[in-house]
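Here is final_15.txt, consisting of compact mmCIF, C-alpha atoms and all ligand atoms:
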# COMPACT_ATOMS: atom_id res chain seq x y z
CA MET A 1 53.21 147.53 70.98
CA SER A 2 56.63 147.94 69.40
CA THR A 3 58.86 144.94 68.63
CA PRO A 4 61.39 144.27 71.38
CA LEU A 5 64.97 145.19 70.49
CA LEU A 6 67.36 142.43 69.48
CA ARG A 7 69.41 141.45 72.53
CA LEU A 8 73.16 141.23 71.93
CA ALA A 9 75.78 139.57 74.11
CA VAL A 10 79.23 140.75 73.07
CA LEU A 11 82.28 138.61 73.81
CA ILE A 12 85.63 140.33 73.92
CA SER A 13 89.22 139.72 74.95
CA GLY A 14 90.84 143.12 74.54
CA ARG A 15 90.53 146.68 73.33
CA GLY A 16 86.83 146.62 72.46
CA SER A 17 86.79 149.08 69.57
CA ASN A 18 84.24 146.97 67.68
CA LEU A 19 82.09 146.88 70.81
CA GLN A 20 82.35 150.68 70.92
CA ALA A 21 81.38 150.93 67.24
CA ILE A 22 78.28 148.82 67.97
CA LEU A 23 77.39 151.01 70.96
CA ASP A 24 77.94 154.16 68.89
CA ALA A 25 75.69 152.84 66.12
CA ILE A 26 72.97 152.08 68.67
CA ALA A 27 73.35 155.52 70.29
CA ALA A 28 73.17 157.21 66.88
CA GLY A 29 69.98 155.37 66.00
CA ARG A 30 71.69 153.46 63.18
CA LEU A 31 71.27 150.08 64.85
CA ALA A 32 68.04 148.89 66.45
CA ALA A 33 69.47 146.54 69.06
CA GLN A 34 70.59 146.53 72.67
CA VAL A 35 73.76 145.18 74.25
CA VAL A 36 72.58 143.23 77.28
CA GLN A 37 75.91 141.80 78.36
CA VAL A 38 79.64 142.11 77.70
CA ILE A 39 81.80 139.13 78.62
CA SER A 40 85.58 139.02 78.57
CA ASN A 41 87.86 136.05 79.09
CA ARG A 42 90.65 138.47 80.03
CA PRO A 43 90.32 140.31 83.35
CA GLY A 44 92.16 143.44 82.22
CA ALA A 45 90.46 143.89 78.85
CA ALA A 46 90.07 147.59 78.04
CA GLY A 47 86.71 146.83 76.46
CA LEU A 48 85.33 146.10 79.93
CA ASP A 49 85.91 149.73 80.87
CA LEU A 50 84.17 150.90 77.70
CA ALA A 51 81.20 148.70 78.57
CA ALA A 52 81.10 149.88 82.17
CA ALA A 53 81.28 153.50 80.99
CA SER A 54 78.12 152.83 79.00
CA GLY A 55 76.46 151.33 82.06
CA LEU A 56 76.39 147.81 80.64
CA PRO A 57 76.52 144.64 82.69
CA THR A 58 79.94 143.03 82.36
CA ALA A 59 81.33 139.67 83.36
CA VAL A 60 84.83 138.25 83.40
CA LEU A 61 85.36 134.55 82.90
CA ASP A 62 89.08 134.02 83.01
CA HIS A 63 89.67 130.85 81.01
CA ARG A 64 92.86 130.17 83.02
CA GLN A 65 90.71 129.56 86.10
CA TYR A 66 89.06 126.51 84.54
CA PRO A 67 90.58 123.03 84.29
CA ASP A 68 89.73 122.64 80.60
CA ARG A 69 87.93 124.14 77.64
CA ALA A 70 84.70 122.26 78.41
CA ALA A 71 84.54 123.63 81.95
CA PHE A 72 85.23 127.17 80.71
CA GLU A 73 82.48 126.88 78.13
CA GLN A 74 80.01 125.51 80.66
CA ALA A 75 80.57 128.60 82.76
CA LEU A 76 80.36 130.78 79.66
CA ILE A 77 77.03 129.25 78.67
CA ALA A 78 75.64 129.75 82.18
CA GLN A 79 76.79 133.38 82.13
CA ILE A 80 75.33 134.04 78.69
CA ASP A 81 72.03 132.44 79.67
CA THR A 82 71.57 134.93 82.51
CA ALA A 83 71.09 137.68 79.90
CA GLN A 84 68.97 135.72 77.40
CA PRO A 85 70.58 137.22 74.30
CA ASP A 86 69.21 136.67 70.79
CA LEU A 87 72.60 136.99 69.09
CA LEU A 88 76.15 136.33 70.29
CA VAL A 89 78.65 138.76 68.82
CA LEU A 90 82.34 137.86 68.94
CA ALA A 91 84.33 141.10 68.86
CA GLY A 92 87.98 140.29 69.27
CA PHE A 93 87.24 137.23 71.40
CA MET A 94 90.46 135.23 71.32
CA ARG A 95 89.30 131.79 72.45
CA VAL A 96 88.51 128.99 70.06
CA LEU A 97 85.00 127.69 70.76
CA THR A 98 84.23 123.98 70.67
CA ALA A 99 81.88 122.30 68.21
CA ASP A 100 79.36 121.79 71.03
CA PHE A 101 79.30 125.47 71.87
CA VAL A 102 78.94 126.69 68.29
CA GLN A 103 76.27 124.09 67.57
CA ARG A 104 74.24 125.38 70.50
CA TRP A 105 74.38 128.88 69.03
CA ARG A 106 74.37 127.97 65.35
CA GLY A 107 72.85 130.75 63.27
CA ARG A 108 72.93 133.08 66.29
CA LEU A 109 76.71 133.48 66.62
CA ILE A 110 78.80 135.78 64.44
CA ASN A 111 82.42 136.85 64.30
CA ILE A 112 84.46 139.57 62.65
CA HIS A 113 87.85 138.67 61.25
CA PRO A 114 90.46 141.12 59.94
CA SER A 115 91.00 139.69 56.46
CA LEU A 116 89.11 138.90 53.30
CA LEU A 117 88.39 135.28 54.19
CA PRO A 118 89.18 132.65 53.13
CA ALA A 119 92.49 134.49 52.75
CA PHE A 120 94.51 134.84 55.95
CA ALA A 121 92.50 132.91 58.50
CA GLY A 122 94.22 132.90 61.89
CA LEU A 123 96.50 135.49 63.46
CA ASP A 124 98.76 138.31 62.19
CA THR A 125 96.60 138.87 59.16
CA HIS A 126 97.94 142.33 58.29
CA ALA A 127 101.60 141.34 58.30
CA ARG A 128 100.77 138.23 56.30
CA ALA A 129 98.77 140.20 53.73
CA LEU A 130 101.72 142.58 53.26
CA ALA A 131 104.20 139.71 53.03
CA ALA A 132 102.05 138.08 50.38
CA GLY A 133 102.01 141.29 48.33
CA ALA A 134 98.21 141.67 48.55
CA THR A 135 96.90 144.81 46.85
CA GLU A 136 93.61 144.58 48.69
CA HIS A 137 92.76 143.58 52.23
CA GLY A 138 89.82 143.97 54.56
CA ALA A 139 87.50 142.37 57.06
CA SER A 140 84.89 139.63 57.00
CA VAL A 141 81.83 138.89 59.11
CA HIS A 142 80.75 135.28 59.21
CA PHE A 143 78.50 132.90 61.06
CA VAL A 144 80.61 130.86 63.43
CA THR A 145 80.88 127.13 62.93
CA ALA A 146 83.38 124.61 64.24
CA ALA A 147 85.79 125.52 61.43
CA VAL A 148 87.89 128.33 62.92
CA ASP A 149 87.45 131.45 60.72
CA GLY A 150 85.73 129.12 58.26
CA GLY A 151 81.99 129.62 58.83
CA PRO A 152 79.63 130.89 56.11
CA LEU A 153 80.58 134.41 55.04
CA ILE A 154 77.99 137.17 55.37
CA ALA A 155 79.77 140.34 54.27
CA GLN A 156 83.18 141.79 53.64
CA ALA A 157 84.64 145.29 53.65
CA ARG A 158 87.59 145.85 51.32
CA VAL A 159 90.35 148.40 51.67
CA PRO A 160 93.34 149.10 49.42
CA VAL A 161 96.87 148.20 50.47
CA MET A 162 99.22 151.17 50.02
CA ALA A 163 102.82 150.85 48.88
CA ASP A 164 104.16 152.27 52.14
CA ASP A 165 101.87 150.34 54.47
CA THR A 166 103.15 148.76 57.65
CA PRO A 167 101.14 146.13 59.52
CA ASP A 168 100.00 148.92 61.88
CA SER A 169 98.87 151.35 59.19
CA LEU A 170 97.05 148.57 57.37
CA ALA A 171 95.46 147.38 60.62
CA ARG A 172 94.15 150.90 61.28
CA ARG A 173 92.56 151.11 57.83
CA VAL A 174 90.97 147.68 58.20
CA LEU A 175 89.71 148.53 61.70
CA CYS A 176 87.91 151.62 60.33
CA ALA A 177 86.19 149.34 57.86
CA GLU A 178 85.33 146.84 60.61
CA HIS A 179 83.63 149.58 62.57
CA ARG A 180 81.27 150.22 59.67
CA LEU A 181 80.81 146.63 58.66
CA TYR A 182 79.89 145.00 61.95
CA PRO A 183 77.02 147.32 63.00
CA GLN A 184 75.64 147.05 59.49
CA VAL A 185 75.55 143.25 59.53
CA ILE A 186 74.08 143.19 63.05
CA GLY A 187 71.43 145.60 61.78
CA TRP A 188 70.44 143.14 59.05
CA TYR A 189 70.09 140.44 61.66
CA ALA A 190 68.11 142.75 63.94
CA ALA A 191 65.76 143.54 61.07
CA GLY A 192 65.16 139.83 60.50
CA ARG A 193 66.86 140.00 57.10
CA LEU A 194 69.75 137.64 57.83
CA ALA A 195 69.72 133.93 58.64
CA LEU A 196 71.76 130.78 58.32
CA ASP A 197 70.09 127.86 56.54
CA GLY A 198 72.37 124.83 56.65
CA GLU A 199 75.59 126.18 55.18
CA ALA A 200 73.79 128.92 53.24
CA VAL A 201 73.61 132.55 54.31
CA LEU A 202 70.17 133.96 53.54
CA LEU A 203 69.78 137.69 53.08
CA ASP A 204 66.19 138.80 52.55
CA GLY A 205 65.29 135.15 52.16
CA LEU A 206 67.70 134.55 49.27
CA PRO A 207 70.88 132.47 49.47
CA ARG A 208 74.07 134.49 48.88
CA LYS A 209 76.60 132.78 46.67
CA LEU A 210 79.16 135.41 47.62
CA PRO A 211 79.35 137.60 50.71
CA VAL A 212 77.98 141.13 50.42
CA GLN A 213 80.85 143.46 49.49
CA LEU A 214 81.11 146.87 51.09
CA ASN A 215 83.61 149.13 49.51
CA CYS A 216 85.36 151.15 52.18
CA GLU A 217 87.26 153.71 50.18
CA MET A 218 89.67 155.35 52.56
CA THR A 219 92.48 157.45 51.26
CA ASP A 220 93.79 158.46 54.67
CA HIS A 221 96.42 155.89 55.44
CA ALA A 222 98.47 157.76 58.00
C1 LIG B 1 89.59 143.11 65.33
O1 LIG B 1 90.56 143.37 64.36
C2 LIG B 1 88.73 141.93 64.96
O2 LIG B 1 88.55 141.80 63.59
C3 LIG B 1 89.56 140.78 65.48
O3 LIG B 1 90.12 141.24 66.68
C4 LIG B 1 90.21 142.66 66.65
C5 LIG B 1 89.46 143.16 67.84
O4 LIG B 1 89.60 144.53 68.01
N1 LIG B 1 88.74 139.58 65.60
P1 LIG B 1 88.72 145.30 69.08
O5 LIG B 1 88.95 144.61 70.42
O6 LIG B 1 87.29 145.22 68.67
O7 LIG B 1 89.24 146.70 69.09
Write-out of the structure in structure tokens:
Amino acid sequence: MSTPLLRLAVLISGRGSNLQAILDAIAAGRLAAQVVQVISNRPGAAGLDLAAASGLPTAVLDHRQYPDRAAFEQALIAQIDTAQPDLLVLAGFMRVLTADFVQRWRGRLINIHPSLLPAFAGLDTHARALAAGATEHGASVHFVTAAVDGGPLIAQARVPVMADDTPDSLARRVLCAEHRLYPQVIGWYAAGRLALDGEAVLLDGLPRKLPVQLNCEMTDHA
């Protein structure tokens, strides 16, 4: 009997291009996993349409309909539990999760962030990287802990910053890198190669002092 596929729940708030990259990687046979549920906290999120177009179960939990963060998360947990996922994948999910929530999913909850963490945690990363005169920028995948954008780093994809970059052109280059990086990291997890041990990221059983670096050479910066 073959091993059951890793079950992914993907949490989104918007466009869903990382969700699409994950679905494309699965469809192309590059990622042995299945998306069992897509949840958005924003009713109009375009990613919901992408999910529906792929025939995936979707759910909307509008955080504004709940009296507080705890009530929202209770509903979120109940919704997630209906699909029994193995791994929670945050893909542009724009709600901060409480310590209780992340503890419940510790080691089974990952996020992608559009910067080379620890640089530029938070919002507007591309504009801030340009303003700081960064020559390199990129994306990071990390295990989620209570420290926002501060959990143990798994892997990063680096891209060059061009002299004529705008926040939009830089964002596009980083997004291309994200679309390669995220399916790859999920694939490691699916293959049983990736784990969190305390604060240490284990890849193939060995602690990583530094995140895995993927070099995303992209000259097209239009
Ligand atoms: C990405 O840049 C991701 O790194 C960040 O939010 C954005 C989501 O984009 N966390 P999309 O919805 O996956 O297109």
Mind listing the residues within 9 Å of ligand LIG 1 (chain B), all atoms listed in the file counted, as a ChimeraX atom specification? /A:12-21,45-47,90-94,111-115,123,139-141,171-172,174-175,178-179
Store the residues of this selection in a file with C-alpha atoms, as a short mmCIF file (atom, residue, chain, number, x, y, z; two decimals), in the frame of the given file.
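selection30.cif was written with the following content:
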data_model
loop_
_atom_site.label_atom_id
_atom_site.label_comp_id
_atom_site.auth_asym_id
_atom_site.auth_seq_id
_atom_site.Cartn_x
_atom_site.Cartn_y
_atom_site.Cartn_z
CA ILE A 12 85.63 140.33 73.92
CA SER A 13 89.22 139.72 74.95
CA GLY A 14 90.84 143.12 74.54
CA ARG A 15 90.53 146.68 73.33
CA GLY A 16 86.83 146.62 72.46
CA SER A 17 86.79 149.08 69.57
CA ASN A 18 84.24 146.97 67.68
CA LEU A 19 82.09 146.88 70.81
CA GLN A 20 82.35 150.68 70.92
CA ALA A 21 81.38 150.93 67.24
CA ALA A 45 90.46 143.89 78.85
CA ALA A 46 90.07 147.59 78.04
CA GLY A 47 86.71 146.83 76.46
CA LEU A 90 82.34 137.86 68.94
CA ALA A 91 84.33 141.10 68.86
CA GLY A 92 87.98 140.29 69.27
CA PHE A 93 87.24 137.23 71.40
CA MET A 94 90.46 135.23 71.32
CA ASN A 111 82.42 136.85 64.30
CA ILE A 112 84.46 139.57 62.65
CA HIS A 113 87.85 138.67 61.25
CA PRO A 114 90.46 141.12 59.94
CA SER A 115 91.00 139.69 56.46
CA LEU A 123 96.50 135.49 63.46
CA ALA A 139 87.50 142.37 57.06
CA SER A 140 84.89 139.63 57.00
CA VAL A 141 81.83 138.89 59.11
CA ALA A 171 95.46 147.38 60.62
CA ARG A 172 94.15 150.90 61.28
CA VAL A 174 90.97 147.68 58.20
CA LEU A 175 89.71 148.53 61.70
CA GLU A 178 85.33 146.84 60.61
CA HIS A 179 83.63 149.58 62.57
#
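The neighbours of range 144-154 of chain A here are the residues that come within 8 Å of it, using only C-alpha atoms and leaving out any residue fewer than 4 positions away in the same chain; they are Val96, Leu97, Thr98, Ala99, Val102, Gln103, Arg106, Gly107, Leu109, Ile110, Asn111, His113, Leu117, Pro118, Ala121, Gly122, Ser140, Val185, Glu199, Ala200, Val201, Leu210, Pro211 and Val212 of chain A.
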Shortest interatomic distance to Ala28 in chain A - which of A:Thr135, A:Leu202, A:Asp197, A:Pro183, counting only C-alpha atoms: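 The shortest atom-to-atom distance to Ala28 in chain A comes from A:Pro183.
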If I take CA of Val60 in chain A and CA of Thr125 in chain A, how far is one from the other in Å, to one decimal? 27.0 Å
Looking at all atoms listed in the file, which of A:Leu11, A:Leu31, A:Ala78, A:Ile26 is the one that sits closest to Gly187 in chain A?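 Distance minimum relative to Gly187 in chain A lands on A:Leu31.
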From (72.6, 134.4, 65.1), in the file's coordinates, out to 10 Å: which residues are reached, counting only C-alpha atoms? Answer as number ranges by chain. A: 8, 85-89, 105-110, 143-144, 186, 189-190, 194-196
How would the residues just picked look written out with C-alpha atoms as a short mmCIF file (atom, residue, chain, number, x, y, z; two decimals), keeping the file's coordinate frame?
data_model
loop_
_atom_site.label_atom_id
_atom_site.label_comp_id
_atom_site.auth_asym_id
_atom_site.auth_seq_id
_atom_site.Cartn_x
_atom_site.Cartn_y
_atom_site.Cartn_z
CA LEU A 8 73.16 141.23 71.93
CA PRO A 85 70.58 137.22 74.30
CA ASP A 86 69.21 136.67 70.79
CA LEU A 87 72.60 136.99 69.09
CA LEU A 88 76.15 136.33 70.29
CA VAL A 89 78.65 138.76 68.82
CA TRP A 105 74.38 128.88 69.03
CA ARG A 106 74.37 127.97 65.35
CA GLY A 107 72.85 130.75 63.27
CA ARG A 108 72.93 133.08 66.29
CA LEU A 109 76.71 133.48 66.62
CA ILE A 110 78.80 135.78 64.44
CA PHE A 143 78.50 132.90 61.06
CA VAL A 144 80.61 130.86 63.43
CA ILE A 186 74.08 143.19 63.05
CA TYR A 189 70.09 140.44 61.66
CA ALA A 190 68.11 142.75 63.94
CA LEU A 194 69.75 137.64 57.83
CA ALA A 195 69.72 133.93 58.64
CA LEU A 196 71.76 130.78 58.32
#
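With distances taken over all atoms listed in the file, A:Arg95 is the one residue among A:Arg95, A:Arg7, A:Ile77, A:Arg69 lying closest to Arg42 in chain A.
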Considering all atoms listed in the file, can you say which of A:Val36, A:Ala127, A:Ala191, A:Ala163 comes closest to Ile80 in chain A?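 Ranked by minimum distance to Ile80 in chain A, first place goes to A:Val36.
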Pairwise distance, CA of Val35 in chain A with CA of Arg208 in chain A, equals 27.5 Å
What gap, in Å, lies between CA of Gln74 in chain A and CA of Asn41 in chain A?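 So the two atoms, CA of Gln74 in chain A and CA of Asn41 in chain A, lie 13.2 Å apart.
Restricting the calculation to all atoms listed in the file, the smallest distance between Arg158 in chain A and any of A:His142, A:Leu214, A:Ala134, A:Arg180 is found for A:Leu214.
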Taking 4 positions as the minimum chain separation for residues in the same chain, which residues sit within 12 Å of Ala132 in chain A when counting all atoms listed in the file? Answer as a VMD selection string. chain A and resid 119 to 120 125 to 128 136 to 137 161
Selecting N, CA, C and O atoms, how would range 108-128 of chain A from this structure be written as a PDB file, in the first residue's frame?
ATOM      1  N   ARG A 108       4.088  22.198  12.731  1.00  0.00           N
ATOM      2  CA  ARG A 108       3.202  21.779  11.620  1.00  0.00           C
ATOM      3  C   ARG A 108       2.569  23.011  10.974  1.00  0.00           C
ATOM      4  O   ARG A 108       1.504  22.921  10.365  1.00  0.00           O
ATOM      5  N   LEU A 109       3.214  24.151  11.144  1.00  0.00           N
ATOM      6  CA  LEU A 109       2.664  25.435  10.690  1.00  0.00           C
ATOM      7  C   LEU A 109       3.804  26.254  10.102  1.00  0.00           C
ATOM      8  O   LEU A 109       4.786  26.554  10.796  1.00  0.00           O
ATOM      9  N   ILE A 110       3.699  26.567   8.811  1.00  0.00           N
ATOM     10  CA  ILE A 110       4.773  27.315   8.158  1.00  0.00           C
ATOM     11  C   ILE A 110       4.213  28.548   7.453  1.00  0.00           C
ATOM     12  O   ILE A 110       3.030  28.620   7.125  1.00  0.00           O
ATOM     13  N   ASN A 111       5.112  29.502   7.228  1.00  0.00           N
ATOM     14  CA  ASN A 111       4.726  30.758   6.593  1.00  0.00           C
ATOM     15  C   ASN A 111       5.788  31.145   5.567  1.00  0.00           C
ATOM     16  O   ASN A 111       6.956  30.785   5.712  1.00  0.00           O
ATOM     17  N   ILE A 112       5.350  31.898   4.567  1.00  0.00           N
ATOM     18  CA  ILE A 112       6.322  32.495   3.645  1.00  0.00           C
ATOM     19  C   ILE A 112       6.244  34.003   3.791  1.00  0.00           C
ATOM     20  O   ILE A 112       5.150  34.581   3.879  1.00  0.00           O
ATOM     21  N   HIS A 113       7.427  34.616   3.857  1.00  0.00           N
ATOM     22  CA  HIS A 113       7.499  36.057   4.081  1.00  0.00           C
ATOM     23  C   HIS A 113       8.399  36.676   2.997  1.00  0.00           C
ATOM     24  O   HIS A 113       9.459  36.138   2.704  1.00  0.00           O
ATOM     25  N   PRO A 114       7.968  37.823   2.443  1.00  0.00           N
ATOM     26  CA  PRO A 114       8.715  38.378   1.314  1.00  0.00           C
ATOM     27  C   PRO A 114       9.910  39.242   1.722  1.00  0.00           C
ATOM     28  O   PRO A 114       9.979  40.424   1.371  1.00  0.00           O
ATOM     29  N   SER A 115      10.833  38.657   2.440  1.00  0.00           N
ATOM     30  CA  SER A 115      12.128  39.318   2.705  1.00  0.00           C
ATOM     31  C   SER A 115      13.087  38.253   3.190  1.00  0.00           C
ATOM     32  O   SER A 115      12.693  37.126   3.506  1.00  0.00           O
ATOM     33  N   LEU A 116      14.351  38.650   3.249  1.00  0.00           N
ATOM     34  CA  LEU A 116      15.366  37.755   3.804  1.00  0.00           C
ATOM     35  C   LEU A 116      15.390  37.991   5.314  1.00  0.00           C
ATOM     36  O   LEU A 116      16.177  38.788   5.814  1.00  0.00           O
ATOM     37  N   LEU A 117      14.505  37.311   6.012  1.00  0.00           N
ATOM     38  CA  LEU A 117      14.437  37.492   7.475  1.00  0.00           C
ATOM     39  C   LEU A 117      15.793  37.141   8.095  1.00  0.00           C
ATOM     40  O   LEU A 117      16.494  36.286   7.564  1.00  0.00           O
ATOM     41  N   PRO A 118      16.193  37.803   9.168  1.00  0.00           N
ATOM     42  CA  PRO A 118      15.387  38.697   9.988  1.00  0.00           C
ATOM     43  C   PRO A 118      15.242  40.116   9.437  1.00  0.00           C
ATOM     44  O   PRO A 118      14.613  40.943  10.105  1.00  0.00           O
ATOM     45  N   ALA A 119      15.800  40.402   8.265  1.00  0.00           N
ATOM     46  CA  ALA A 119      15.622  41.741   7.701  1.00  0.00           C
ATOM     47  C   ALA A 119      14.164  41.927   7.273  1.00  0.00           C
ATOM     48  O   ALA A 119      13.550  41.014   6.716  1.00  0.00           O
ATOM     49  N   PHE A 120      13.627  43.084   7.533  1.00  0.00           N
ATOM     50  CA  PHE A 120      12.319  43.496   7.030  1.00  0.00           C
ATOM     51  C   PHE A 120      11.174  42.555   7.403  1.00  0.00           C
ATOM     52  O   PHE A 120      10.430  42.074   6.554  1.00  0.00           O
ATOM     53  N   ALA A 121      11.073  42.251   8.680  1.00  0.00           N
ATOM     54  CA  ALA A 121       9.842  41.620   9.173  1.00  0.00           C
ATOM     55  C   ALA A 121       8.718  42.638   8.991  1.00  0.00           C
ATOM     56  O   ALA A 121       8.980  43.832   8.843  1.00  0.00           O
ATOM     57  N   GLY A 122       7.484  42.177   8.987  1.00  0.00           N
ATOM     58  CA  GLY A 122       6.360  43.112   8.893  1.00  0.00           C
ATOM     59  C   GLY A 122       5.964  43.411   7.464  1.00  0.00           C
ATOM     60  O   GLY A 122       6.237  42.630   6.550  1.00  0.00           O
ATOM     61  N   LEU A 123       5.343  44.572   7.277  1.00  0.00           N
ATOM     62  CA  LEU A 123       4.720  44.909   5.986  1.00  0.00           C
ATOM     63  C   LEU A 123       5.657  45.742   5.102  1.00  0.00           C
ATOM     64  O   LEU A 123       6.708  46.198   5.545  1.00  0.00           O
ATOM     65  N   ASP A 124       5.236  45.944   3.854  1.00  0.00           N
ATOM     66  CA  ASP A 124       5.928  46.832   2.896  1.00  0.00           C
ATOM     67  C   ASP A 124       7.403  46.497   2.755  1.00  0.00           C
ATOM     68  O   ASP A 124       8.264  47.380   2.726  1.00  0.00           O
ATOM     69  N   THR A 125       7.685  45.229   2.662  1.00  0.00           N
ATOM     70  CA  THR A 125       9.090  44.800   2.690  1.00  0.00           C
ATOM     71  C   THR A 125       9.876  45.301   1.477  1.00  0.00           C
ATOM     72  O   THR A 125      11.052  45.635   1.596  1.00  0.00           O
ATOM     73  N   HIS A 126       9.221  45.352   0.315  1.00  0.00           N
ATOM     74  CA  HIS A 126       9.965  45.699  -0.905  1.00  0.00           C
ATOM     75  C   HIS A 126      10.353  47.184  -0.888  1.00  0.00           C
ATOM     76  O   HIS A 126      11.497  47.531  -1.182  1.00  0.00           O
ATOM     77  N   ALA A 127       9.417  48.023  -0.529  1.00  0.00           N
ATOM     78  CA  ALA A 127       9.720  49.457  -0.439  1.00  0.00           C
ATOM     79  C   ALA A 127      10.793  49.705   0.624  1.00  0.00           C
ATOM     80  O   ALA A 127      11.703  50.530   0.437  1.00  0.00           O
ATOM     81  N   ARG A 128      10.705  48.975   1.717  1.00  0.00           N
ATOM     82  CA  ARG A 128      11.684  49.185   2.787  1.00  0.00           C
ATOM     83  C   ARG A 128      13.063  48.692   2.369  1.00  0.00           C
ATOM     84  O   ARG A 128      14.081  49.307   2.705  1.00  0.00           O
TER      85      ARG A 128
END
